[in-house]
There are 4 protein chains.
Amino acid sequence: MTTFGESHGVALGCIIDGCPAGLELNKEMIQKALNRRRPGVSPDGKLNASVTARTEADEVEILSGLFEGRTTGTPIALEVRNTSQHSKDYGNLDLTFRPGHADYTYDIKYKGNRDYRGGGRSSGRETLARVAAGAVASQLLAQYGIKITAYTIKAAGISAEKRNLSQIEENALRAPDNEAAKKMNARIEELRASGDSAGGVIECLVTGCPAGLGEPVFDKLDARLAHAVFSIGAVKGFEVGEGFAAARLKGSENNDAFRMAQDRVTKATNHAGGILGGISDGDDIIFRAAFKPTPSIAQTQQTVNRDHKDTDIEIHGRHDPVIAPRAVVVVESMAAIVIADMYLSSLGSKLDDLK
Amino acid sequence: MTTFGESHGVALGCIIDGCPAGLELNKEMIQKALNRRRPGVSPDGKLNASVTARTEADEVEILSGLFEGRTTGTPIALEVRNTSQHSKDYGNLDLTFRPGHADYTYDIKYKGNRDYRGGGRSSGRETLARVAAGAVASQLLAQYGIKITAYTIKAAGISAEKRNLSQIEENALRAPDNEAAKKMNARIEELRASGDSAGGVIECLVTGCPAGLGEPVFDKLDARLAHAVFSIGAVKGFEVGEGFAAARLKGSENNDAFRMAQDRVTKATNHAGGILGGISDGDDIIFRAAFKPTPSIAQTQQTVNRDHKDTDIEIHGRHDPVIAPRAVVVVESMAAIVIADMYLSSLGSKLDDLK
Amino acid sequence: MTTFGESHGVALGCIIDGCPAGLELNKEMIQKALNRRRPGVSPDGKLNASVTARTEADEVEILSGLFEGRTTGTPIALEVRNTSQHSKDYGNLDLTFRPGHADYTYDIKYKGNRDYRGGGRSSGRETLARVAAGAVASQLLAQYGIKITAYTIKAAGISAEKRNLSQIEENALRAPDNEAAKKMNARIEELRASGDSAGGVIECLVTGCPAGLGEPVFDKLDARLAHAVFSIGAVKGFEVGEGFAAARLKGSENNDAFRMAQDRVTKATNHAGGILGGISDGDDIIFRAAFKPTPSIAQTQQTVNRDHKDTDIEIHGRHDPVIAPRAVVVVESMAAIVIADMYLSSLGSKLDDLK
Amino acid sequence: MTTFGESHGVALGCIIDGCPAGLELNKEMIQKALNRRRPGVSPDGKLNASVTARTEADEVEILSGLFEGRTTGTPIALEVRNTSQHSKDYGNLDLTFRPGHADYTYDIKYKGNRDYRGGGRSSGRETLARVAAGAVASQLLAQYGIKITAYTIKAAGISAEKRNLSQIEENALRAPDNEAAKKMNARIEELRASGDSAGGVIECLVTGCPAGLGEPVFDKLDARLAHAVFSIGAVKGFEVGEGFAAARLKGSENNDAFRMAQDRVTKATNHAGGILGGISDGDDIIFRAAFKPTPSIAQTQQTVNRDHKDTDIEIHGRHDPVIAPRAVVVVESMAAIVIADMYLSSLGSKLDDLK
């Protein structure tokens, strides 16, 4: 998968290479995934407090790789045109580096050649191409019974107390706990009112993944997931299974006993999060990602400008006060892409795989 | 970098491609790094309680890529022969899957074709090749004033209270706090006596890294570090800067203000851990990795065997009761390899880089 | 560079990754290159005998990676919409495999999932994306004085007798010899009249390329050029410098003596074609590619259909009776892409390249 | 596959990644392939006129990836120690660039950091690692009935008149025609006597290759073969099927008619050389490579030295007067590596390939 596009450029999109031929591709499912990623839209389809309104349609177009509804094995190009990017007032973003953003690092890396409009390539809008590609990967994985579900388990310091997956799309936070979501929302509203923002943690559950995905050393399945999830902007932490908590456990607590159940090798517990030695063990894969608070806040902040003078900045406009709910879709997408990739690349690991 | 080798095979080693020509390579520094990785040797050169004795020399040999003491730009092959692998008793590791290990997942992935002796390719001994390659990368980075230092900040549930880097090599835990190290050691001895093991957290500090390393989207510097560190066995979590703590902070707390200082752009704080938008910002890079407790423990554990029958296992022999202290060298090595790689690949990001 | 698109799909295009920031990109030059690739248009802008008419505009759109006329270092997406693909009669191409085409091999590789309209992904129209990317690479190389020129030296068995580069765009064959071009044209007209087609040979000259491009073993500059040129459909041979003729020479004839000239190392002759040991030597790079005759011919041919029955096929419609003249632009494009790539990847081959 | 090693360094070797687990690997077959590559040994085991004597054993050692005689799916490292490299007299090769060699281009690329002993990394001895890896690939391919045979069809301007494959190992030229080999040998002896050398052409035949290998656009099977074969030192031309001759043919002559034969799709002729649209068509794959004459000749040649002064050079010592016979094994090896690679990477091209 290769992507392109800036927040306020002509279009964003991706090319997907290596998708097997013969997959019946449902364009509506791609569009639906993109709609879930759109800002300002709560799961019930209404605008809501925690996320801000944006009117862009994000309509996907399939440019290649599909014939009579099925993939042909050749590159699949997906594209979304930017429609509401015209006549914007970008304030002084061309001159002043926003704290917590990539403005300064892009500026120095590319020697001032930078599309500052809406953050350009570093905008969260870039994830649109990932979601489109992820929706293709998800459809491939669905053929093999692999399902990926992410949800917010922490926002603004408040944790979900349960994992009721059926509630995820019932609240604006995409938390598996409607009660907790209500409290998160209230706290976030307070923060927004004071010109501030909140961070969050997303958990992701992969069910139906067969044992044997992942390469022994450098391309361990968890290493590839870590790479993919950390490539999402605003991610500051990643953990699998017990994660950082494992560092506090004893070996006798953390090890998962193997047990036979209905002629299958299973684990009595799943502290490992479904990955042993970098290879999937057939159990549920569970990982979490920490998102920092939205860096664009209304409060006045100290910064410097391109002329290297100290100055202040106030960032106005529509910004999510918390990134996690929308990022849920992006995390699912990146997980789907990695697992589809590892599924395909694991073909041929043993002599029997060849005809 | 490509590596090869099993715990009890003929040799382990690596090929390093793309190291610039003209680097004066100090073989002693590679050997010293390998010695730091060796089990059973405390920083003061004595055997000690927390880590177990092994007598293997791990002598490195440079097979290619060096001429009259300098790199020639061609592949550098490094090799360490296994010397103490003969006439071992592997118990029933060929038949029984150790909980928390990769035995089962390798077995299913490779359909039973598995070198079970000492864990084969999944053994911690595999990291030897990483350390050798890392020692080359470190020497390259040293030319540009980039220095990488890792240390244990948590073990067996006990945290280092300070970051006194000069104490790291003064205690067996490689903690930057001799007092805390003493407590960790005592707790670990208790665990070992009860046939158990402990987890830990390693922190890594990169100083002198210029701004501008990292690619905007998929090959963000933190994504590459996450990949590299998660490819080390037993790692279950990775975070940069505030990491998971950032999820609890407000935007106004987590954002780092930019300030001019001596004509340079600096940050008033470093919650970001030196990386903004996936690109280094010129500040210190700080990340942490969580290691699970050593899975090889003396207590009796439930498991299954290759015939898919429930059974018990007791793992005897020399095993570190905590992985972190030795992994410190491996974390440094992986960080050095990634940063050297990003340093080289960032050449050509702007027109001025070309002559 | 990654490309996508089928002959009669929605669009064709490419994503270019790694183009340095700060390059002033001239869209007109990209369009001009695409126009040179268009069928049915002779260099003088008139329709002509040797190549057939097609009315598609092939208008390029730049979707990303450019800001205020300069590259930003982020992915550059280029796209051309297909406009004349509607309401076509594809005859029985869905059922019958054309001899000399990829119909059968695609069919078996992708198990019948194949966009047969106009050849789909295997159509020569796919080269449009290469030409767009090549025009970007050429503009980058122009900054460093590197210039690439290809031309037809043989068509329908008739050879160019001279290398007058100023005549290339004066004749429909893009031959550096107007006299020879006239003879080629006449012979091709005869073939076309008899429902047949002709092959040809293209030569490519790269001037201004510095010494030192190419990697010592597997990514030799000539190996990369061979790969790139052979990836163009219909290419059956590739050679550098003396090429196949070198096999007939003696060492004393084929070796190029080194001589100092104006304080520079030069070669008295250039049998090597500018590449020694896979690395550019600073001299002109010269290579040739053999193109087979257009496989789509009007004569009745024997073939099989998808039901695996023997049958006959007659291919009508607008087909170039010779591929070479249009492929000239494609060869130039692939050479530009490879050399730009090697230019960028050769940064960092010696310690001095790093700051 | 990654390789390392210089002509007079400590060792040469390779790491093979991605070989499926469960392959019974025959070390003797690897050694036998290496022996065929050795200089100075004719197929009948005797020293002979056309190739010069060298006494090195080239003993291969398998360092990893094998357990109880079968591959484990983990990296296979193969190594050959240099044994006769000690106490050599390298004349003034450190100072003077040999015409037709890579001395000058390495020197400029790596700024003088160059192992000049025996040509260092640019020596033909580097192919030893390719042959070792190729012998592993060949054993994998043999499981699926794919067989690769190369042979000299032209040397010193004399062509083989027939393709009697059983005669290949009966003559020192590895020509499929003992009569022609005798003439080649005589002519080469004359050249050697006059301090000169000869070029040659090798043809390679792949039988049993299934249809469907190769990727549609950039990684066409012929493009990958072109890359691999052109990465062998001294290769100046590559062609598939009719190759350059196709440029002279008419479409009606060059197209291969499809015909059903015993329920299989076959081609009446094989001008294509077994590859259509970059994808294998199930027919024999045939390609040819042109080798330039050995650049090391005894005659006095003009050159320059590292101080950039004009000078003369005479190259003495043991050098093959013709490269082709030994390169036969290298060509086979590179073909085996590419086809094994494409075989594995083509898994997953259609939905049915996944379980």
# chains A, B, ... in the order shown; residues from 1 in each chain; ligands from 1
>>> interface_residues(of="chain C", to="chain B", cutoff="12 Å", atoms="only C-alpha atoms", output="compact mmCIF listing (two decimals) with N, CA and C atoms, in the first residue's frame")
# COMPACT_ATOMS: atom_id res chain seq x y z
N ASP C 17 7.48 8.40 -4.93
CA ASP C 17 7.95 8.61 -3.56
C ASP C 17 9.42 8.98 -3.59
N GLY C 18 9.81 9.89 -2.72
CA GLY C 18 11.24 10.15 -2.56
C GLY C 18 11.81 11.25 -3.44
N CYS C 19 10.97 11.96 -4.16
CA CYS C 19 11.50 13.09 -4.95
C CYS C 19 11.88 14.19 -3.97
N PRO C 20 13.09 14.71 -4.07
CA PRO C 20 13.54 15.73 -3.11
C PRO C 20 12.63 16.96 -3.13
N ALA C 21 12.52 17.61 -1.99
CA ALA C 21 11.75 18.85 -1.89
C ALA C 21 12.50 20.00 -2.56
N GLY C 22 11.72 20.93 -3.11
CA GLY C 22 12.32 22.15 -3.65
C GLY C 22 12.51 22.14 -5.15
N LEU C 23 12.09 21.06 -5.81
CA LEU C 23 12.24 21.00 -7.27
C LEU C 23 11.09 21.76 -7.91
N GLU C 24 11.42 22.72 -8.75
CA GLU C 24 10.40 23.45 -9.49
C GLU C 24 9.89 22.52 -10.58
N ARG C 70 6.52 24.00 -6.39
CA ARG C 70 7.70 23.23 -6.02
C ARG C 70 7.31 21.94 -5.30
N THR C 71 8.14 20.92 -5.46
CA THR C 71 7.90 19.67 -4.74
C THR C 71 8.11 19.89 -3.24
N THR C 72 7.35 19.13 -2.45
CA THR C 72 7.44 19.28 -1.00
C THR C 72 8.14 18.10 -0.33
N GLY C 73 8.57 17.13 -1.13
CA GLY C 73 9.23 15.95 -0.56
C GLY C 73 8.25 14.84 -0.25
N THR C 74 6.96 15.13 -0.31
CA THR C 74 5.93 14.12 -0.05
C THR C 74 5.48 13.51 -1.38
N PRO C 75 4.74 12.40 -1.32
CA PRO C 75 4.41 11.67 -2.56
C PRO C 75 3.72 12.54 -3.62
N GLN C 139 13.22 16.04 -15.04
CA GLN C 139 13.38 17.42 -14.56
C GLN C 139 14.34 17.48 -13.38
N LEU C 140 14.33 16.42 -12.57
CA LEU C 140 15.28 16.36 -11.46
C LEU C 140 16.70 16.21 -12.01
N LEU C 141 16.87 15.30 -12.96
CA LEU C 141 18.20 15.06 -13.53
C LEU C 141 18.74 16.28 -14.26
N GLN C 143 18.57 19.22 -13.42
CA GLN C 143 19.24 20.09 -12.44
C GLN C 143 20.73 19.79 -12.36
N TYR C 144 21.12 18.56 -12.67
CA TYR C 144 22.51 18.14 -12.51
C TYR C 144 23.16 17.90 -13.86
N GLY C 145 22.50 18.40 -14.92
CA GLY C 145 23.11 18.33 -16.23
C GLY C 145 23.04 16.96 -16.88
N PRO C 210 27.38 11.48 -13.72
CA PRO C 210 28.65 11.42 -12.99
C PRO C 210 29.11 9.99 -12.77
N GLU C 215 25.38 0.03 -7.65
CA GLU C 215 25.88 -0.71 -6.48
C GLU C 215 26.70 -1.89 -6.96
N PRO C 216 27.72 -2.29 -6.20
CA PRO C 216 28.72 -3.25 -6.68
C PRO C 216 28.19 -4.58 -7.19
N VAL C 217 27.19 -5.17 -6.55
CA VAL C 217 26.88 -6.55 -6.93
C VAL C 217 25.49 -6.68 -7.56
N PHE C 218 24.44 -6.72 -6.77
CA PHE C 218 23.14 -7.04 -7.35
C PHE C 218 22.45 -5.83 -7.98
N ALA C 340 17.73 8.58 -11.72
CA ALA C 340 17.38 9.45 -10.59
C ALA C 340 17.42 8.66 -9.29
N ASP C 341 16.90 7.44 -9.36
CA ASP C 341 16.88 6.57 -8.19
C ASP C 341 18.29 6.22 -7.72
N MET C 342 19.17 5.87 -8.66
CA MET C 342 20.53 5.52 -8.31
C MET C 342 21.29 6.75 -7.82
N TYR C 343 20.94 7.89 -8.38
CA TYR C 343 21.58 9.14 -7.95
C TYR C 343 21.29 9.36 -6.47
N LEU C 344 20.01 9.22 -6.12
CA LEU C 344 19.61 9.45 -4.73
C LEU C 344 20.14 8.36 -3.80
N SER C 345 20.11 7.11 -4.27
CA SER C 345 20.53 6.03 -3.37
C SER C 345 22.04 5.97 -3.25
N SER C 346 22.76 6.61 -4.14
CA SER C 346 24.22 6.58 -4.03
C SER C 346 24.72 7.61 -3.02
N LEU C 347 23.83 8.51 -2.60
CA LEU C 347 24.21 9.42 -1.52
C LEU C 347 24.49 8.59 -0.28
N GLY C 348 25.58 8.85 0.38
CA GLY C 348 25.90 8.09 1.58
C GLY C 348 26.78 6.89 1.31
N SER C 349 27.36 6.82 0.11
CA SER C 349 28.24 5.67 -0.15
C SER C 349 29.61 5.88 0.49
N LYS C 350 29.94 7.11 0.80
CA LYS C 350 31.21 7.36 1.50
C LYS C 350 30.98 8.32 2.65
N LEU C 351 31.87 8.25 3.61
CA LEU C 351 31.70 8.99 4.84
C LEU C 351 31.52 10.49 4.60
N ASP C 352 32.18 11.01 3.57
CA ASP C 352 32.12 12.45 3.28
C ASP C 352 30.72 12.91 2.89
N ASP C 353 29.88 11.98 2.43
CA ASP C 353 28.55 12.37 2.00
C ASP C 353 27.70 12.84 3.17
N LEU C 354 28.07 12.41 4.35
CA LEU C 354 27.30 12.77 5.54
C LEU C 354 27.90 14.06 6.10
N LYS C 355 27.03 14.85 6.64
CA LYS C 355 27.52 16.15 7.13
C LYS C 355 28.28 15.98 8.45
>>> select_by_dssp(residues="stretch 210-293 of chain C", states="strand (DSSP E)", output="list of chain:residue names")
C:Val235, C:Lys236, C:Gly237, C:Phe238, C:Glu239, C:Val240, C:Phe258, C:Arg259, C:Met260, C:Ala261, C:Arg264, C:Val265, C:Thr266, C:Lys267, C:Ile275, C:Leu276, C:Ile279, C:Ser280, C:Ile285, C:Ile286, C:Phe287, C:Arg288, C:Ala289, C:Ala290, C:Phe291
>>> write_last_selection(atoms="N, CA and C atoms", output="mmCIF file, in the first residue's frame")
data_model
loop_
_atom_site.group_PDB
_atom_site.id
_atom_site.type_symbol
_atom_site.label_atom_id
_atom_site.label_comp_id
_atom_site.auth_asym_id
_atom_site.auth_seq_id
_atom_site.Cartn_x
_atom_site.Cartn_y
_atom_site.Cartn_z
ATOM 1 N N VAL C 235 9.660 -5.793 -25.138
ATOM 2 C CA VAL C 235 11.126 -5.818 -25.174
ATOM 3 C C VAL C 235 11.590 -7.268 -25.094
ATOM 4 N N LYS C 236 12.481 -7.649 -25.989
ATOM 5 C CA LYS C 236 13.008 -9.024 -25.995
ATOM 6 C C LYS C 236 14.526 -9.069 -25.834
ATOM 7 N N GLY C 237 15.187 -7.902 -25.887
ATOM 8 C CA GLY C 237 16.634 -7.892 -25.732
ATOM 9 C C GLY C 237 17.123 -6.564 -25.188
ATOM 10 N N PHE C 238 18.249 -6.623 -24.493
ATOM 11 C CA PHE C 238 18.832 -5.414 -23.899
ATOM 12 C C PHE C 238 20.342 -5.567 -23.930
ATOM 13 N N GLU C 239 21.055 -4.504 -24.299
ATOM 14 C CA GLU C 239 22.512 -4.580 -24.275
ATOM 15 C C GLU C 239 23.122 -3.219 -23.993
ATOM 16 N N VAL C 240 24.323 -3.249 -23.420
ATOM 17 C CA VAL C 240 25.021 -2.014 -23.043
ATOM 18 C C VAL C 240 26.332 -1.932 -23.811
ATOM 19 N N PHE C 258 42.325 3.886 -20.344
ATOM 20 C CA PHE C 258 42.130 5.141 -19.597
ATOM 21 C C PHE C 258 43.176 6.158 -20.032
ATOM 22 N N ARG C 259 42.781 7.389 -20.144
ATOM 23 C CA ARG C 259 43.697 8.478 -20.479
ATOM 24 C C ARG C 259 43.281 9.738 -19.720
ATOM 25 N N MET C 260 44.261 10.491 -19.269
ATOM 26 C CA MET C 260 43.962 11.777 -18.648
ATOM 27 C C MET C 260 43.664 12.801 -19.751
ATOM 28 N N ALA C 261 42.631 13.597 -19.540
ATOM 29 C CA ALA C 261 42.323 14.673 -20.485
ATOM 30 C C ALA C 261 41.789 15.846 -19.680
ATOM 31 N N ARG C 264 40.977 15.275 -16.122
ATOM 32 C CA ARG C 264 39.952 14.294 -15.789
ATOM 33 C C ARG C 264 40.352 12.913 -16.323
ATOM 34 N N VAL C 265 39.938 11.868 -15.585
ATOM 35 C CA VAL C 265 40.132 10.510 -16.084
ATOM 36 C C VAL C 265 39.107 10.275 -17.186
ATOM 37 N N THR C 266 39.550 9.917 -18.379
ATOM 38 C CA THR C 266 38.622 9.626 -19.473
ATOM 39 C C THR C 266 38.994 8.278 -20.079
ATOM 40 N N LYS C 267 38.175 7.827 -21.002
ATOM 41 C CA LYS C 267 38.471 6.590 -21.714
ATOM 42 C C LYS C 267 38.701 6.932 -23.184
ATOM 43 N N ILE C 275 29.691 2.123 -18.354
ATOM 44 C CA ILE C 275 29.497 1.399 -17.093
ATOM 45 C C ILE C 275 30.591 0.347 -16.929
ATOM 46 N N LEU C 276 31.330 0.418 -15.827
ATOM 47 C CA LEU C 276 32.394 -0.543 -15.532
ATOM 48 C C LEU C 276 32.129 -1.185 -14.183
ATOM 49 N N ILE C 279 29.100 0.164 -12.308
ATOM 50 C CA ILE C 279 29.126 1.532 -11.783
ATOM 51 C C ILE C 279 29.450 2.485 -12.926
ATOM 52 N N SER C 280 28.738 3.602 -13.003
ATOM 53 C CA SER C 280 28.962 4.552 -14.081
ATOM 54 C C SER C 280 30.399 5.075 -14.009
ATOM 55 N N ILE C 285 26.550 7.017 -21.210
ATOM 56 C CA ILE C 285 25.965 5.689 -21.066
ATOM 57 C C ILE C 285 25.161 5.391 -22.326
ATOM 58 N N ILE C 286 25.402 4.232 -22.920
ATOM 59 C CA ILE C 286 24.712 3.856 -24.159
ATOM 60 C C ILE C 286 24.150 2.449 -24.022
ATOM 61 N N PHE C 287 22.856 2.322 -24.245
ATOM 62 C CA PHE C 287 22.276 0.967 -24.256
ATOM 63 C C PHE C 287 21.243 0.859 -25.364
ATOM 64 N N ARG C 288 20.871 -0.371 -25.715
ATOM 65 C CA ARG C 288 19.899 -0.638 -26.767
ATOM 66 C C ARG C 288 18.866 -1.655 -26.302
ATOM 67 N N ALA C 289 17.651 -1.516 -26.820
ATOM 68 C CA ALA C 289 16.588 -2.470 -26.503
ATOM 69 C C ALA C 289 15.933 -2.935 -27.790
ATOM 70 N N ALA C 290 15.724 -4.266 -27.875
ATOM 71 C CA ALA C 290 15.055 -4.838 -29.048
ATOM 72 C C ALA C 290 13.574 -5.005 -28.755
ATOM 73 N N PHE C 291 12.736 -4.502 -29.667
ATOM 74 C CA PHE C 291 11.285 -4.658 -29.536
ATOM 75 C C PHE C 291 10.781 -5.638 -30.586
#
>>> atom_distance(atom1="atom CA of A:Ala150", atom2="atom CA of A:Val60")
22.6 Å
>>> select_by_dssp(residues="stretch 44-228 of chain D", states="helix (DSSP H, G or I)", output="ChimeraX atom specification")
/D:103-109,117-122,124-142,165-170,178-193,221-228
>>> residues_around(residues="stretch 313-316 of chain C", least_positions_apart="3", cutoff="9 Å", atoms="only C-alpha atoms", output="PDB file with C-alpha atoms, in the first residue's frame")
ATOM      1  CA  GLY C  91     -15.048  -8.446 -30.248  1.00  0.00           C
ATOM      2  CA  ASN C  92     -14.383 -11.797 -28.637  1.00  0.00           C
ATOM      3  CA  THR C  96     -10.096 -15.830 -27.325  1.00  0.00           C
ATOM      4  CA  PHE C  97      -6.406 -15.490 -26.441  1.00  0.00           C
ATOM      5  CA  ARG C  98      -4.467 -13.261 -28.850  1.00  0.00           C
ATOM      6  CA  PRO C  99      -1.144 -14.860 -29.937  1.00  0.00           C
ATOM      7  CA  SER C 296      -1.829  -7.423 -33.036  1.00  0.00           C
ATOM      8  CA  ILE C 297      -2.010  -8.123 -36.755  1.00  0.00           C
ATOM      9  CA  ALA C 298      -4.900  -8.306 -39.189  1.00  0.00           C
ATOM     10  CA  GLN C 299      -3.914 -11.665 -40.657  1.00  0.00           C
ATOM     11  CA  THR C 300      -5.850 -14.704 -39.508  1.00  0.00           C
ATOM     12  CA  GLN C 301      -4.005 -16.543 -36.748  1.00  0.00           C
ATOM     13  CA  GLN C 302      -4.487 -19.854 -34.994  1.00  0.00           C
ATOM     14  CA  THR C 303      -5.239 -19.745 -31.294  1.00  0.00           C
ATOM     15  CA  VAL C 304      -7.322 -21.279 -28.493  1.00  0.00           C
ATOM     16  CA  HIS C 319      -2.777  -0.758 -33.897  1.00  0.00           C
TER      17      HIS C 319
END
>>> residues_around(residues="A:Val80", least_positions_apart="4", cutoff="7 Å", atoms="only C-alpha atoms", output="PyMOL selection string")
chain A and resi 11-13+58-61
>>> closest_residue(among="C:Gly274, C:Gly199, C:Pro39, C:Pro295", to="D:Asn255", atoms="only C-alpha atoms")
C:Pro295
>>> residues_around(residues="D:Ala335", least_positions_apart="3", cutoff="8 Å", atoms="only C-alpha atoms", output="list in words")
Gly134, Ile148, Leu225, Ala228, Val229, Val331, Glu332, Val338 and Ile339 of chain D
>>> write_last_selection(atoms="N, CA and C atoms", output="PDB file, in the first residue's frame")
ATOM      1  N   GLY D 134      22.351 -20.504  -5.352  1.00  0.00           N
ATOM      2  CA  GLY D 134      21.656 -21.093  -6.486  1.00  0.00           C
ATOM      3  C   GLY D 134      21.463 -22.592  -6.319  1.00  0.00           C
ATOM      4  N   ILE D 148      17.093 -26.355 -14.680  1.00  0.00           N
ATOM      5  CA  ILE D 148      17.767 -25.251 -15.357  1.00  0.00           C
ATOM      6  C   ILE D 148      19.109 -25.715 -15.890  1.00  0.00           C
ATOM      7  N   LEU D 225      14.801 -11.702 -14.585  1.00  0.00           N
ATOM      8  CA  LEU D 225      15.915 -12.491 -15.101  1.00  0.00           C
ATOM      9  C   LEU D 225      16.985 -11.568 -15.683  1.00  0.00           C
ATOM     10  N   ALA D 228      18.923 -10.060 -12.840  1.00  0.00           N
ATOM     11  CA  ALA D 228      19.773 -11.043 -12.162  1.00  0.00           C
ATOM     12  C   ALA D 228      20.981 -11.402 -13.013  1.00  0.00           C
ATOM     13  N   VAL D 229      20.760 -11.619 -14.302  1.00  0.00           N
ATOM     14  CA  VAL D 229      21.855 -12.046 -15.172  1.00  0.00           C
ATOM     15  C   VAL D 229      22.807 -10.871 -15.432  1.00  0.00           C
ATOM     16  N   VAL D 331      25.189 -18.405 -14.288  1.00  0.00           N
ATOM     17  CA  VAL D 331      23.927 -18.097 -14.967  1.00  0.00           C
ATOM     18  C   VAL D 331      22.825 -19.032 -14.484  1.00  0.00           C
ATOM     19  N   GLU D 332      23.134 -20.309 -14.410  1.00  0.00           N
ATOM     20  CA  GLU D 332      22.146 -21.273 -13.886  1.00  0.00           C
ATOM     21  C   GLU D 332      21.713 -20.880 -12.472  1.00  0.00           C
ATOM     22  N   VAL D 338      16.043 -16.554  -9.144  1.00  0.00           N
ATOM     23  CA  VAL D 338      14.907 -15.737  -9.597  1.00  0.00           C
ATOM     24  C   VAL D 338      13.639 -16.582  -9.690  1.00  0.00           C
ATOM     25  N   ILE D 339      13.754 -17.746 -10.275  1.00  0.00           N
ATOM     26  CA  ILE D 339      12.538 -18.538 -10.488  1.00  0.00           C
ATOM     27  C   ILE D 339      11.989 -19.055  -9.160  1.00  0.00           C
TER      28      ILE D 339
END
>>> atom_distance(atom1="atom CA of C:Thr3", atom2="atom CA of C:Ala102")
18.4 Å
>>> decode(residues="stretch 254-261 of chain C", atoms="N, CA, C and O atoms", output="PDB file, in the first residue's frame")
ATOM      1  N   ASN C 254      38.255  -4.829 -26.999  1.00  0.00           N
ATOM      2  CA  ASN C 254      37.084  -4.399 -26.228  1.00  0.00           C
ATOM      3  C   ASN C 254      37.439  -3.511 -25.037  1.00  0.00           C
ATOM      4  O   ASN C 254      36.645  -2.665 -24.621  1.00  0.00           O
ATOM      5  N   ASN C 255      38.625  -3.724 -24.472  1.00  0.00           N
ATOM      6  CA  ASN C 255      39.029  -2.877 -23.334  1.00  0.00           C
ATOM      7  C   ASN C 255      39.162  -1.423 -23.755  1.00  0.00           C
ATOM      8  O   ASN C 255      39.670  -1.132 -24.841  1.00  0.00           O
ATOM      9  N   ASP C 256      38.721  -0.515 -22.911  1.00  0.00           N
ATOM     10  CA  ASP C 256      38.886   0.914 -23.163  1.00  0.00           C
ATOM     11  C   ASP C 256      40.080   1.422 -22.357  1.00  0.00           C
ATOM     12  O   ASP C 256      40.083   1.319 -21.125  1.00  0.00           O
ATOM     13  N   ALA C 257      41.058   1.964 -23.040  1.00  0.00           N
ATOM     14  CA  ALA C 257      42.223   2.525 -22.342  1.00  0.00           C
ATOM     15  C   ALA C 257      41.792   3.762 -21.554  1.00  0.00           C
ATOM     16  O   ALA C 257      40.968   4.549 -22.018  1.00  0.00           O
ATOM     17  N   PHE C 258      42.325   3.886 -20.344  1.00  0.00           N
ATOM     18  CA  PHE C 258      42.130   5.141 -19.597  1.00  0.00           C
ATOM     19  C   PHE C 258      43.176   6.158 -20.032  1.00  0.00           C
ATOM     20  O   PHE C 258      44.332   5.803 -20.256  1.00  0.00           O
ATOM     21  N   ARG C 259      42.781   7.389 -20.144  1.00  0.00           N
ATOM     22  CA  ARG C 259      43.697   8.478 -20.479  1.00  0.00           C
ATOM     23  C   ARG C 259      43.281   9.738 -19.720  1.00  0.00           C
ATOM     24  O   ARG C 259      42.098  10.009 -19.558  1.00  0.00           O
ATOM     25  N   MET C 260      44.261  10.491 -19.269  1.00  0.00           N
ATOM     26  CA  MET C 260      43.962  11.777 -18.648  1.00  0.00           C
ATOM     27  C   MET C 260      43.664  12.801 -19.751  1.00  0.00           C
ATOM     28  O   MET C 260      44.340  12.832 -20.773  1.00  0.00           O
ATOM     29  N   ALA C 261      42.631  13.597 -19.540  1.00  0.00           N
ATOM     30  CA  ALA C 261      42.323  14.673 -20.485  1.00  0.00           C
ATOM     31  C   ALA C 261      41.789  15.846 -19.680  1.00  0.00           C
ATOM     32  O   ALA C 261      40.780  15.712 -18.991  1.00  0.00           O
TER      33      ALA C 261
END
